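A.B. asks: Following this line is data-v6.cif, made up of mmCIF, C-alpha atoms (C1' of nucleotides):
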data_model
loop_
_atom_site.label_atom_id
_atom_site.label_comp_id
_atom_site.auth_asym_id
_atom_site.auth_seq_id
_atom_site.Cartn_x
_atom_site.Cartn_y
_atom_site.Cartn_z
CA MET A 1 28.26 64.19 153.31
CA SER A 2 26.67 67.57 153.32
CA ASP A 3 27.64 69.18 156.55
CA GLU A 4 24.12 69.56 157.76
CA SER A 5 25.27 69.17 161.31
CA ASN A 6 25.01 72.82 161.93
CA VAL A 7 23.80 72.07 165.39
CA PRO A 8 25.99 73.85 167.90
CA PHE A 9 24.78 72.37 171.15
CA GLU A 10 27.21 73.85 173.58
CA SER A 11 26.56 71.57 176.52
CA PRO A 12 27.62 72.66 179.99
CA CYS A 13 27.56 69.09 181.26
CA VAL A 14 31.02 68.05 182.34
CA CYS A 15 30.10 64.39 182.24
CA MET A 16 28.83 64.52 178.70
CA ARG A 17 31.95 66.38 177.60
CA ALA A 18 34.20 63.95 179.41
CA ARG A 19 32.55 60.96 177.81
CA LYS A 20 32.66 62.49 174.37
CA ALA A 21 36.32 63.34 174.80
CA GLY A 22 36.92 59.79 175.98
CA ARG A 23 35.33 58.36 172.86
CA ILE A 24 37.42 60.58 170.61
CA ILE A 25 40.68 59.77 172.34
CA THR A 26 39.88 56.09 172.52
CA GLN A 27 39.14 55.91 168.82
CA LEU A 28 42.35 57.72 168.02
CA TYR A 29 44.47 55.30 170.04
CA ASP A 30 42.49 52.30 168.86
CA GLY A 31 43.22 53.33 165.29
CA TYR A 32 46.88 52.70 165.95
CA LEU A 33 46.62 49.82 168.39
CA ARG A 34 44.39 47.83 166.07
CA GLN A 35 47.45 46.74 164.12
CA ALA A 36 48.66 44.97 167.24
CA GLY A 37 45.29 43.37 167.84
CA VAL A 38 44.61 45.07 171.15
CA THR A 39 42.14 47.72 172.23
CA SER A 40 42.90 50.76 174.34
CA PRO A 41 41.53 49.24 177.54
CA GLN A 42 43.42 46.03 176.89
CA TYR A 43 46.61 47.95 176.32
CA ALA A 44 46.07 49.83 179.54
CA LEU A 45 45.78 46.56 181.45
CA LEU A 46 48.83 45.00 179.82
CA ARG A 47 50.80 48.09 180.58
CA TYR A 48 49.65 48.29 184.17
CA ILE A 49 50.30 44.62 184.85
CA GLY A 50 53.68 44.82 183.17
CA ALA A 51 54.66 47.81 185.26
CA THR A 52 53.46 46.40 188.57
CA GLU A 53 54.00 42.67 188.42
CA GLY A 54 52.56 40.84 191.35
CA VAL A 55 49.58 43.03 192.12
CA SER A 56 46.19 41.48 192.73
CA LEU A 57 43.00 41.94 190.79
CA GLY A 58 41.65 44.20 193.50
CA GLU A 59 44.69 46.42 193.44
CA LEU A 60 44.45 46.74 189.69
CA GLY A 61 40.81 47.72 189.91
CA HIS A 62 41.56 50.25 192.57
CA ALA A 63 44.43 51.82 190.69
CA LEU A 64 42.42 52.19 187.50
CA CYS A 65 39.09 52.98 189.18
CA LEU A 66 37.56 49.91 187.59
CA GLU A 67 34.67 48.19 189.28
CA GLN A 68 35.78 44.83 190.66
CA SER A 69 33.69 42.78 188.27
CA THR A 70 34.92 44.83 185.34
CA ALA A 71 38.51 44.26 186.35
CA THR A 72 37.83 40.54 186.65
CA ARG A 73 36.32 40.28 183.21
CA ASN A 74 38.77 42.45 181.37
CA VAL A 75 41.66 40.52 182.82
CA GLU A 76 39.89 37.27 182.10
CA LEU A 77 39.80 38.24 178.44
CA LEU A 78 43.54 38.82 178.38
CA LYS A 79 44.05 35.53 180.18
CA GLY A 80 42.00 33.83 177.48
CA LYS A 81 44.31 35.28 174.87
CA GLY A 82 47.30 34.02 176.76
CA TYR A 83 48.78 37.36 177.68
CA VAL A 84 48.19 37.30 181.42
CA SER A 85 48.32 34.69 184.13
CA LEU A 86 46.36 34.70 187.39
CA VAL A 87 47.45 32.64 190.34
CA PRO A 88 46.03 32.58 193.86
CA LYS A 89 48.24 34.36 196.32
CA ALA A 90 50.09 31.98 198.59
CA ASP A 91 49.19 33.53 201.92
CA ASP A 92 45.66 34.55 200.96
CA ARG A 93 44.08 32.42 198.35
CA ARG A 94 41.16 34.75 197.90
CA LYS A 95 43.48 37.10 196.02
CA LYS A 96 44.64 36.52 192.47
CA ILE A 97 48.11 37.67 191.55
CA LEU A 98 48.62 39.02 188.05
CA SER A 99 51.59 38.76 185.74
CA LEU A 100 52.33 38.92 182.05
CA THR A 101 53.16 35.81 180.12
CA ASP A 102 55.95 35.86 177.56
CA ALA A 103 53.33 36.36 174.87
CA GLY A 104 51.90 39.18 176.93
CA ARG A 105 55.25 40.91 177.23
CA GLU A 106 55.81 40.63 173.51
CA LYS A 107 52.33 41.92 172.74
CA LEU A 108 52.90 44.83 175.09
CA ALA A 109 56.21 45.66 173.42
CA ASN A 110 54.68 45.59 169.95
CA ALA A 111 51.64 47.57 170.98
CA THR A 112 53.78 50.16 172.70
CA LEU A 113 55.44 51.07 169.41
CA LEU A 114 51.99 51.83 168.00
CA TRP A 115 50.86 53.52 171.20
CA GLN A 116 53.78 55.91 170.88
CA LYS A 117 52.50 57.03 167.48
CA ALA A 118 49.10 57.83 168.93
CA GLN A 119 50.67 59.63 171.85
CA ASP A 120 52.90 61.58 169.46
CA GLN A 121 49.94 62.57 167.35
CA VAL A 122 48.14 63.96 170.36
CA ARG A 123 51.26 65.83 171.45
CA MET A 124 51.73 67.23 167.96
CA GLU A 125 48.17 68.36 167.52
CA LEU A 126 47.56 69.73 170.98
CA GLY A 127 51.02 71.03 171.69
CA GLU A 128 52.98 70.43 174.84
CA ALA A 129 51.15 73.00 176.93
CA ALA A 130 47.65 71.83 176.11
CA MET A 131 48.69 68.24 176.67
CA GLU A 132 50.02 69.11 180.10
CA ALA A 133 46.79 70.93 180.86
CA LEU A 134 44.84 67.91 179.72
CA VAL A 135 46.75 65.56 181.98
CA GLN A 136 46.39 67.98 184.87
CA ALA A 137 42.65 68.18 184.29
CA PHE A 138 42.44 64.41 184.41
CA LYS A 139 44.41 64.36 187.65
CA ASP A 140 41.94 66.87 189.09
CA VAL A 141 39.10 64.57 188.17
CA ALA A 142 40.80 61.63 189.82
CA ALA A 143 40.70 63.59 193.07
CA LEU A 144 36.94 63.97 193.03
CA THR A 145 35.05 62.17 195.72
CA LYS A 146 32.92 59.50 194.23
CA ALA A 147 30.32 59.43 196.93
CA ALA A 148 27.40 61.39 195.61
CA ALA A 149 26.04 60.18 198.89
CA GLY A 150 23.74 63.11 199.30
CA GLY A 151 21.46 61.68 196.71
CA ARG A 152 21.51 58.03 197.52
CA ALA A 153 19.63 57.81 200.78
CA ASP A 154 16.06 57.33 199.64
CA VAL A 155 16.50 55.49 196.45
CA ASN A 156 13.01 54.55 195.48
CA GLY A 157 10.88 57.53 196.02
CA THR A 158 9.48 60.19 193.75
CA ASP A 159 9.64 59.61 190.08
CA GLY A 160 11.11 56.21 189.79
CA GLU A 161 8.09 55.17 187.80
CA SER A 162 8.23 51.78 186.17
CA SER A 163 9.12 51.48 182.55
CA MET B 1 36.45 53.27 199.52
CA SER B 2 38.90 53.17 202.32
CA ASP B 3 42.55 52.34 202.13
CA GLU B 4 43.01 53.72 198.61
CA SER B 5 46.42 52.08 199.02
CA ASN B 6 48.04 54.96 197.19
CA VAL B 7 49.04 52.96 194.17
CA PRO B 8 51.09 55.44 192.19
CA PHE B 9 51.34 54.18 188.63
CA GLU B 10 51.84 57.52 186.97
CA SER B 11 50.89 56.52 183.49
CA PRO B 12 51.86 58.91 180.72
CA CYS B 13 49.12 57.51 178.48
CA VAL B 14 46.60 60.20 177.72
CA CYS B 15 44.04 57.66 176.63
CA MET B 16 44.23 55.67 179.81
CA ARG B 17 43.93 58.82 181.88
CA ALA B 18 41.02 60.05 179.84
CA ARG B 19 39.16 56.79 180.22
CA LYS B 20 39.82 56.63 183.92
CA ALA B 21 38.61 60.19 184.35
CA GLY B 22 35.56 59.33 182.33
CA ARG B 23 34.73 56.43 184.60
CA ILE B 24 35.09 58.58 187.70
CA ILE B 25 32.95 61.38 186.38
CA THR B 26 30.35 59.00 185.03
CA GLN B 27 30.01 57.26 188.35
CA LEU B 28 29.67 60.57 190.13
CA TYR B 29 26.85 61.73 187.89
CA ASP B 30 25.23 58.31 187.83
CA GLY B 31 25.14 58.39 191.61
CA TYR B 32 22.76 61.31 191.43
CA LEU B 33 20.89 60.41 188.24
CA ARG B 34 20.06 56.94 189.50
CA GLN B 35 17.16 58.37 191.49
CA ALA B 36 15.58 59.45 188.25
CA GLY B 37 16.17 56.06 186.69
CA VAL B 38 18.47 57.27 183.95
CA THR B 39 22.16 56.79 183.28
CA SER B 40 24.62 59.48 182.29
CA PRO B 41 24.59 58.54 178.61
CA GLN B 42 20.82 58.38 178.62
CA TYR B 43 20.60 61.79 180.23
CA ALA B 44 22.97 63.18 177.63
CA LEU B 45 20.72 61.92 174.85
CA LEU B 46 17.53 63.23 176.44
CA ARG B 47 19.16 66.56 176.92
CA TYR B 48 20.50 66.74 173.40
CA ILE B 49 17.22 65.73 171.82
CA GLY B 50 15.31 68.13 174.01
CA ALA B 51 17.61 70.98 173.06
CA THR B 52 17.59 70.26 169.34
CA GLU B 53 14.17 68.88 168.52
CA GLY B 54 13.86 67.65 165.00
CA VAL B 55 17.40 66.46 164.41
CA SER B 56 18.02 63.08 162.83
CA LEU B 57 19.81 60.10 164.27
CA GLY B 58 22.81 60.82 162.13
CA GLU B 59 23.04 64.39 163.30
CA LEU B 60 22.85 63.26 166.89
CA GLY B 61 25.64 60.79 166.36
CA HIS B 62 27.76 63.38 164.67
CA ALA B 63 27.24 65.96 167.37
CA LEU B 64 28.12 63.55 170.16
CA CYS B 65 30.83 61.65 168.25
CA LEU B 66 28.88 58.47 168.65
CA GLU B 67 29.25 55.72 166.09
CA GLN B 68 26.09 55.44 164.02
CA SER B 69 25.10 52.04 165.35
CA THR B 70 25.70 53.20 168.90
CA ALA B 71 23.46 56.20 168.38
CA THR B 72 20.78 53.95 166.93
CA ARG B 73 20.82 51.57 169.85
CA ASN B 74 21.05 54.12 172.61
CA VAL B 75 18.11 56.01 171.18
CA GLU B 76 16.23 52.78 170.65
CA LEU B 77 16.52 52.11 174.37
CA LEU B 78 14.98 55.48 175.19
CA LYS B 79 12.26 54.85 172.65
CA GLY B 80 11.52 51.55 174.37
CA LYS B 81 11.09 53.40 177.64
CA GLY B 82 8.73 55.81 175.98
CA TYR B 83 10.87 58.92 176.30
CA VAL B 84 11.72 59.48 172.67
CA SER B 85 9.89 59.11 169.38
CA LEU B 86 11.46 58.42 165.99
CA VAL B 87 9.61 59.18 162.81
CA PRO B 88 10.87 59.00 159.24
CA LYS B 89 11.55 62.41 157.80
CA ALA B 90 8.90 63.46 155.31
CA ASP B 91 11.17 64.41 152.44
CA ASP B 92 13.76 61.70 153.07
CA ARG B 93 12.44 58.62 154.69
CA ARG B 94 15.86 57.18 155.26
CA LYS B 95 16.31 59.68 158.06
CA LYS B 96 14.66 59.35 161.43
CA ILE B 97 13.64 62.50 163.20
CA LEU B 98 13.96 62.55 166.96
CA SER B 99 11.80 64.24 169.55
CA LEU B 100 10.95 63.86 173.20
CA THR B 101 7.61 62.50 174.28
CA ASP B 102 5.77 64.11 177.17
CA ALA B 103 7.16 61.41 179.42
CA GLY B 104 10.59 62.16 178.03
CA ARG B 105 10.29 65.84 178.79
CA GLU B 106 9.16 65.11 182.31
CA LYS B 107 11.97 62.63 182.83
CA LEU B 108 14.45 65.16 181.52
CA ALA B 109 13.13 67.83 183.86
CA ASN B 110 13.33 65.54 186.88
CA ALA B 111 16.76 64.26 185.97
CA THR B 112 18.05 67.77 185.41
CA LEU B 113 17.40 68.62 189.06
CA LEU B 114 19.65 65.74 190.05
CA TRP B 115 22.15 66.51 187.32
CA GLN B 116 22.52 69.99 188.76
CA LYS B 117 23.59 68.50 192.08
CA ALA B 118 26.30 66.47 190.38
CA GLN B 119 27.42 69.47 188.39
CA ASP B 120 27.48 71.57 191.57
CA GLN B 121 29.54 68.98 193.37
CA VAL B 122 32.13 69.03 190.63
CA ARG B 123 32.19 72.81 190.63
CA MET B 124 32.54 72.88 194.40
CA GLU B 125 35.31 70.35 194.58
CA LEU B 126 37.33 71.49 191.61
CA GLY B 127 36.68 75.18 191.87
CA GLU B 128 35.61 77.42 189.03
CA ALA B 129 39.05 77.74 187.49
CA ALA B 130 39.83 74.04 187.36
CA MET B 131 36.39 73.33 185.99
CA GLU B 132 36.94 75.82 183.20
CA ALA B 133 40.29 74.25 182.48
CA LEU B 134 38.66 70.85 182.39
CA VAL B 135 36.06 71.95 179.89
CA GLN B 136 38.71 73.63 177.79
CA ALA B 137 40.77 70.47 177.80
CA PHE B 138 37.78 68.52 176.55
CA LYS B 139 37.23 71.05 173.80
CA ASP B 140 40.85 70.63 172.77
CA VAL B 141 40.32 66.91 172.53
CA ALA B 142 37.25 67.36 170.38
CA ALA B 143 39.44 69.13 167.85
CA LEU B 144 41.77 66.18 167.42
CA THR B 145 41.77 64.52 164.04
CA LYS B 146 40.76 60.93 163.89
CA ALA B 147 43.50 60.08 161.42
CA ALA B 148 45.34 56.93 162.38
CA ALA B 149 45.01 53.91 160.16
CA GLY B 150 43.30 54.65 156.97
CA GLY B 151 41.24 57.51 157.28
CA ARG B 152 38.72 60.12 157.51
CA ALA B 153 39.77 63.41 158.92
CA ASP B 154 36.27 64.81 159.28
CA VAL B 155 35.70 64.59 162.95
CA ASN B 156 33.87 67.89 163.04
CA GLY B 157 33.84 68.91 166.63
CA THR B 158 30.24 70.06 166.48
CA ASP B 159 30.52 71.87 169.70
CA GLY B 160 29.72 75.09 168.10
CA GLU B 161 32.05 77.25 170.09
CA SER B 162 34.35 79.24 167.91
CA SER B 163 37.42 77.15 168.21
"C1'" DC C 1 12.76 54.08 133.18
"C1'" DT C 2 16.38 51.03 134.89
"C1'" DT C 3 20.57 50.03 136.91
"C1'" DA C 4 24.41 51.36 139.69
"C1'" DT C 5 25.85 53.92 143.57
"C1'" DA C 6 25.53 56.51 147.69
"C1'" DT C 7 23.17 57.61 152.03
"C1'" DA C 8 20.91 56.56 156.40
"C1'" DC C 9 19.68 53.45 159.42
"C1'" DA C 10 19.38 48.37 161.37
"C1'" DT C 11 21.50 44.09 162.85
"C1'" DG C 12 25.16 40.58 164.25
"C1'" DT C 13 29.03 40.19 167.07
"C1'" DA C 14 32.53 41.47 170.43
"C1'" DT C 15 34.29 44.18 174.11
"C1'" DA C 16 33.81 47.55 178.19
"C1'" DT C 17 31.46 48.76 182.08
"C1'" DA C 18 28.64 48.64 186.39
"C1'" DC C 19 25.27 46.76 189.95
"C1'" DA C 20 23.43 42.96 192.47
"C1'" DT C 21 24.34 38.75 194.05
"C1'" DG C 22 26.74 34.26 194.85
"C1'" DC C 23 30.78 31.60 196.26
"C1'" DT C 24 35.20 30.72 198.47
"C1'" DT C 25 38.54 31.77 201.77
"C1'" DA C 26 39.97 34.47 205.99
"C1'" DA C 27 39.40 36.45 210.21
"C1'" DT C 28 36.45 36.86 214.61
"C1'" DG C 29 33.75 35.72 218.48
"C1'" DA C 30 31.35 32.79 221.65
"C1'" DT D 1 35.64 24.29 217.32
"C1'" DC D 2 31.86 26.20 215.00
"C1'" DA D 3 28.96 29.88 213.68
"C1'" DT D 4 29.35 34.65 212.10
"C1'" DT D 5 31.14 38.13 209.60
"C1'" DA D 6 34.25 40.16 206.28
"C1'" DA D 7 37.16 40.18 202.13
"C1'" DG D 8 38.09 38.95 197.43
"C1'" DC D 9 36.70 37.24 193.37
"C1'" DA D 10 33.02 35.11 190.01
"C1'" DT D 11 28.59 35.26 187.72
"C1'" DG D 12 23.94 37.02 186.03
"C1'" DT D 13 22.02 40.87 183.88
"C1'" DA D 14 21.79 45.33 181.61
"C1'" DT D 15 23.70 49.13 179.21
"C1'" DA D 16 27.42 51.52 176.26
"C1'" DT D 17 30.31 51.28 172.53
"C1'" DA D 18 32.39 50.12 167.96
"C1'" DC D 19 33.21 47.41 163.58
"C1'" DA D 20 31.38 44.78 159.79
"C1'" DT D 21 27.66 43.99 157.24
"C1'" DG D 22 22.77 44.10 155.70
"C1'" DT D 23 18.58 46.70 154.15
"C1'" DA D 24 15.75 50.44 152.57
"C1'" DT D 25 15.57 54.70 150.32
"C1'" DA D 26 17.32 58.23 147.46
"C1'" DT D 27 20.23 59.92 143.71
"C1'" DA D 28 23.04 59.60 139.66
"C1'" DA D 29 24.23 57.15 135.07
"C1'" DG D 30 22.86 55.36 130.94
#
Show me this structure written as structure tokens.

C.D. replies:
Amino acid sequence: MSDESNVPFESPCVCMRARKAGRIITQLYDGYLRQAGVTSPQYALLRYIGATEGVSLGELGHALCLEQSTATRNVELLKGKGYVSLVPKADDRRKKILSLTDAGREKLANATLLWQKAQDQVRMELGEAAMEALVQAFKDVAALTKAAAGGRADVNGTDGESS
Amino acid sequence: MSDESNVPFESPCVCMRARKAGRIITQLYDGYLRQAGVTSPQYALLRYIGATEGVSLGELGHALCLEQSTATRNVELLKGKGYVSLVPKADDRRKKILSLTDAGREKLANATLLWQKAQDQVRMELGEAAMEALVQAFKDVAALTKAAAGGRADVNGTDGESS
DNA sequence: CTTATATACATGTATATACATGCTTAATGA
DNA sequence: TCATTAAGCATGTATATACATGTATATAAG
């Protein structure tokens, strides 16, 4: 592979950088988690459900900033694999209460050993300070307002030409 | 967006935080870009191709840390919309050279006006310092090695900045 | 030149994600 | 009570992403 990629392309776009960083981190963690047969998003769900037994689908989505339908489907996948159970809540059967099955708890335990290696690698390579800064930056992002309402009013004007 | 229910769940997982931050940022930018009929990833590609006319698919993938097949398909979508053209490179017809069409350039210009609003919102809400820290954190991530199971330590940040 | 190998891209499959919409259950109002 | 509205989840559709594999072209071996 001749390193022809001499293209600098210093993009100022925070979104593009965030997504690129997300891909890199995800692939790093997935490289370890693969041995346990789970992906990074799946591990995140197992871990969240394990840590907060009894929450509903909606609460999970809210906590992780996942769109409702995305939360539904990602959890559904884990249910299909037998790691998670969903039961309607007694006093409000619209809600589905989440919990790990025994298989789910075991999978989480196994995956966590691998997860720790990924986490350690990041800590090693970045150093404690940079890792703290990284986490702080992500917390800052989580505080952003997601409205973007200024732009949404007149949705079909101007250049929305057909494709 | 109302109760927010203040679910704590302070996860130490860098990957989970990165992905969550990515979703939040993406939705913020998408909220603006929607008026131009492009998504955040699509805008990133248009912008990259516009800034580096004549690069190949492989170079694009490398620069953005996109898997080769992902780069192929994302660009294919833009080609289908008439924004991008792919032509085999003269002296190596395995490679496909990318460039924007006139429609692509116009779409990029329109979308950039909206992109600027998203970027400004982030700058306003985070402040200059936090935004710099955010970008620096993303640069740090881009320098991580993709080691893990089996392989390849040639991640090649491709961000150009002297890191 | 011909075959083997490597490179660059394309394709099949699976998951992750979001928006629009539909369905079921709760809560409200007349 | 019954119609209306709201809340919570499910489903249809489209895009984003990666891994495994296939195909075409180029390069190296013989």

A.B. asks: May I have the residues within 10 Å of D:DA6 as a PyMOL selection string, using only C-alpha atoms (C1' of nucleotides) and disregarding those fewer than 3 positions away in the same chain?

C.D. replies: chain C and resi 26-28

A.B. asks: Export C-alpha atoms (C1' of nucleotides) of the chosen residues as an mmCIF file, in the coordinates of the input?

C.D. replies:
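File out-v4.cif, as written:
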data_model
loop_
_atom_site.group_PDB
_atom_site.id
_atom_site.type_symbol
_atom_site.label_atom_id
_atom_site.label_comp_id
_atom_site.auth_asym_id
_atom_site.auth_seq_id
_atom_site.Cartn_x
_atom_site.Cartn_y
_atom_site.Cartn_z
ATOM 1 C "C1'" DA C 26 39.970 34.470 205.990
ATOM 2 C "C1'" DA C 27 39.400 36.450 210.210
ATOM 3 C "C1'" DT C 28 36.450 36.860 214.610
#

A.B. asks: Can you list, as a PyMOL selection string, every protein, DNA or RNA residue that comes within 12 Å of C:DT13 when you count all atoms listed in the file, leaving out same-chain residues fewer than 6 positions away?

C.D. replies: chain D and resi 18-21

A.B. asks: Where does chain A end up after superposition onto chain B over all in-order Cα pairs? Give it as a tab-separated table (two decimals) with C-alpha atoms, in the coordinates of the input.

C.D. replies:
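Contents of superposed_16.tsv, freshly written:
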chain	number	residue	atom	x	y	z
A	1	MET	CA	41.88	48.09	201.39
A	2	SER	CA	45.49	48.82	202.04
A	3	ASP	CA	46.34	51.81	199.96
A	4	GLU	CA	48.97	50.05	197.97
A	5	SER	CA	48.20	52.20	194.99
A	6	ASN	CA	51.21	54.30	195.57
A	7	VAL	CA	51.66	54.54	191.87
A	8	PRO	CA	51.81	58.17	190.85
A	9	PHE	CA	51.69	57.92	187.09
A	10	GLU	CA	51.46	61.52	186.12
A	11	SER	CA	50.34	61.09	182.54
A	12	PRO	CA	50.76	63.96	180.10
A	13	CYS	CA	48.16	62.51	177.76
A	14	VAL	CA	45.23	64.86	177.46
A	15	CYS	CA	43.01	62.15	176.06
A	16	MET	CA	43.66	59.77	178.91
A	17	ARG	CA	43.01	62.53	181.43
A	18	ALA	CA	39.84	63.59	179.66
A	19	ARG	CA	38.49	60.07	179.62
A	20	LYS	CA	39.33	59.48	183.24
A	21	ALA	CA	37.68	62.74	184.21
A	22	GLY	CA	34.66	61.73	182.15
A	23	ARG	CA	34.35	58.45	184.00
A	24	ILE	CA	34.55	60.17	187.37
A	25	ILE	CA	31.98	62.80	186.51
A	26	THR	CA	29.68	60.28	184.89
A	27	GLN	CA	29.74	58.04	187.93
A	28	LEU	CA	29.02	60.97	190.19
A	29	TYR	CA	25.96	62.03	188.20
A	30	ASP	CA	24.84	58.45	187.68
A	31	GLY	CA	24.90	57.98	191.44
A	32	TYR	CA	22.13	60.52	191.71
A	33	LEU	CA	20.27	59.81	188.49
A	34	ARG	CA	20.00	56.12	189.25
A	35	GLN	CA	17.06	56.84	191.54
A	36	ALA	CA	15.17	58.09	188.51
A	37	GLY	CA	16.14	55.07	186.45
A	38	VAL	CA	18.12	56.97	183.85
A	39	THR	CA	21.81	57.15	183.03
A	40	SER	CA	23.81	60.29	182.38
A	41	PRO	CA	23.76	59.88	178.60
A	42	GLN	CA	20.04	59.17	178.67
A	43	TYR	CA	19.43	62.24	180.76
A	44	ALA	CA	21.46	64.30	178.34
A	45	LEU	CA	19.28	63.13	175.45
A	46	LEU	CA	16.02	63.73	177.29
A	47	ARG	CA	17.18	67.16	178.22
A	48	TYR	CA	18.34	68.02	174.73
A	49	ILE	CA	15.16	66.76	173.09
A	50	GLY	CA	13.03	68.54	175.65
A	51	ALA	CA	14.85	71.80	175.06
A	52	THR	CA	14.78	71.61	171.27
A	53	GLU	CA	11.57	69.88	170.33
A	54	GLY	CA	11.31	69.13	166.67
A	55	VAL	CA	14.94	68.55	165.83
A	56	SER	CA	15.97	65.55	163.78
A	57	LEU	CA	18.22	62.69	164.73
A	58	GLY	CA	21.01	64.16	162.66
A	59	GLU	CA	20.76	67.52	164.34
A	60	LEU	CA	20.88	65.88	167.74
A	61	GLY	CA	23.97	63.93	166.80
A	62	HIS	CA	25.63	67.02	165.47
A	63	ALA	CA	24.86	69.11	168.52
A	64	LEU	CA	26.19	66.49	170.91
A	65	CYS	CA	29.05	65.29	168.69
A	66	LEU	CA	27.56	61.81	168.65
A	67	GLU	CA	28.21	59.55	165.71
A	68	GLN	CA	25.03	59.09	163.69
A	69	SER	CA	24.62	55.43	164.53
A	70	THR	CA	25.19	56.16	168.20
A	71	ALA	CA	22.53	58.84	168.16
A	72	THR	CA	20.14	56.43	166.46
A	73	ARG	CA	20.65	53.71	169.01
A	74	ASN	CA	20.61	55.85	172.10
A	75	VAL	CA	17.39	57.47	171.01
A	76	GLU	CA	15.98	54.11	170.06
A	77	LEU	CA	16.51	52.98	173.63
A	78	LEU	CA	14.56	55.93	174.98
A	79	LYS	CA	11.85	55.27	172.42
A	80	GLY	CA	11.66	51.69	173.67
A	81	LYS	CA	11.10	52.99	177.17
A	82	GLY	CA	8.36	55.25	175.94
A	83	TYR	CA	10.04	58.55	176.66
A	84	VAL	CA	10.65	59.73	173.11
A	85	SER	CA	8.77	59.57	169.85
A	86	LEU	CA	10.27	59.60	166.36
A	87	VAL	CA	8.22	60.53	163.35
A	88	PRO	CA	9.34	61.03	159.76
A	89	LYS	CA	9.48	64.66	158.79
A	90	ALA	CA	6.64	65.65	156.51
A	91	ASP	CA	8.65	67.32	153.78
A	92	ASP	CA	11.62	64.95	153.94
A	93	ARG	CA	10.80	61.52	155.11
A	94	ARG	CA	14.42	60.53	155.43
A	95	LYS	CA	14.59	62.65	158.58
A	96	LYS	CA	13.14	61.60	161.91
A	97	ILE	CA	11.74	64.30	164.13
A	98	LEU	CA	12.19	63.88	167.87
A	99	SER	CA	9.92	64.84	170.72
A	100	LEU	CA	9.29	63.84	174.30
A	101	THR	CA	6.24	61.87	175.24
A	102	ASP	CA	4.30	62.76	178.37
A	103	ALA	CA	6.16	60.00	180.18
A	104	GLY	CA	9.38	61.44	178.85
A	105	ARG	CA	8.59	64.90	180.14
A	106	GLU	CA	7.74	63.52	183.55
A	107	LYS	CA	10.90	61.42	183.64
A	108	LEU	CA	12.93	64.46	182.67
A	109	ALA	CA	11.33	66.54	185.41
A	110	ASN	CA	12.00	63.90	188.05
A	111	ALA	CA	15.53	63.28	186.89
A	112	THR	CA	16.27	66.98	186.84
A	113	LEU	CA	15.67	67.22	190.58
A	114	LEU	CA	18.35	64.57	191.08
A	115	TRP	CA	20.60	66.10	188.44
A	116	GLN	CA	20.54	69.35	190.38
A	117	LYS	CA	21.96	67.57	193.43
A	118	ALA	CA	24.86	66.23	191.39
A	119	GLN	CA	25.45	69.61	189.84
A	120	ASP	CA	25.34	71.23	193.28
A	121	GLN	CA	27.83	68.74	194.63
A	122	VAL	CA	30.27	69.55	191.87
A	123	ARG	CA	29.79	73.27	192.43
A	124	MET	CA	30.30	72.85	196.16
A	125	GLU	CA	33.41	70.75	195.88
A	126	LEU	CA	35.10	72.58	193.06
A	127	GLY	CA	33.94	76.07	193.87
A	128	GLU	CA	32.46	78.51	191.42
A	129	ALA	CA	35.76	79.54	189.87
A	130	ALA	CA	37.04	76.05	189.18
A	131	MET	CA	33.66	75.05	187.79
A	132	GLU	CA	33.74	77.98	185.40
A	133	ALA	CA	37.25	77.02	184.37
A	134	LEU	CA	36.10	73.47	183.82
A	135	VAL	CA	33.25	74.52	181.58
A	136	GLN	CA	35.54	76.86	179.68
A	137	ALA	CA	38.04	74.06	179.17
A	138	PHE	CA	35.30	71.88	177.75
A	139	LYS	CA	34.25	74.67	175.41
A	140	ASP	CA	37.85	74.93	174.22
A	141	VAL	CA	37.84	71.24	173.45
A	142	ALA	CA	34.62	71.55	171.50
A	143	ALA	CA	36.43	73.98	169.20
A	144	LEU	CA	39.12	71.50	168.26
A	145	THR	CA	39.15	70.34	164.70
A	146	LYS	CA	38.36	66.70	164.52
A	147	ALA	CA	40.17	66.00	161.31
A	148	ALA	CA	43.43	64.42	162.29
A	149	ALA	CA	43.62	64.22	158.55
A	150	GLY	CA	47.36	64.38	158.48
A	151	GLY	CA	47.53	60.84	159.66
A	152	ARG	CA	44.77	59.22	157.73
A	153	ALA	CA	46.04	59.19	154.19
A	154	ASP	CA	47.87	55.88	154.00
A	155	VAL	CA	45.94	53.79	156.38
A	156	ASN	CA	47.38	50.37	155.91
A	157	GLY	CA	51.07	50.73	155.79
A	158	THR	CA	53.83	50.21	158.30
A	159	ASP	CA	53.01	48.40	161.44
A	160	GLY	CA	49.44	47.44	161.00
A	161	GLU	CA	50.43	43.85	161.55
A	162	SER	CA	47.62	41.37	161.93
A	163	SER	CA	46.56	40.26	165.34

A.B. asks: Run the PyMOL selection byres ((chain D) within 8 of (chain A)) on the file and write out the hits as a list in words.

C.D. replies: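 With the shown file as input, the PyMOL selection byres ((chain D) within 8 of (chain A)) matches DA7, DG8, DC9 and DA10 of chain D.
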
A.B. asks: Could the residues in this selection be written to a file with C-alpha atoms (C1' of nucleotides), as a compact mmCIF listing (two decimals), in the coordinates of the input?

C.D. replies:
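Dumped everything to part_34.txt:
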# COMPACT_ATOMS: atom_id res chain seq x y z
C1' DA D 7 37.16 40.18 202.13
C1' DG D 8 38.09 38.95 197.43
C1' DC D 9 36.70 37.24 193.37
C1' DA D 10 33.02 35.11 190.01

A.B. asks: Do you have, as a tab-separated table, the list of residues of chain C lying at most 12 Å from chain B, each with its nearest atom pair and that distance in Å to one decimal, counting only C-alpha atoms (C1' of nucleotides) and ordered by chain then number?

C.D. replies:
residue	atom	partner	partner_atom	distance
C:DT7	C1'	B:Arg94	CA	8.0
C:DA8	C1'	B:Arg94	CA	5.2
C:DC9	C1'	B:Arg94	CA	6.8
C:DA10	C1'	B:Ser69	CA	7.9
C:DT11	C1'	B:Ser69	CA	9.1
C:DG12	C1'	B:Ser69	CA	11.5
C:DA16	C1'	B:Arg19	CA	10.9
C:DT17	C1'	B:Arg23	CA	8.7
C:DA18	C1'	B:Gln27	CA	8.9
C:DC19	C1'	B:Arg34	CA	11.4
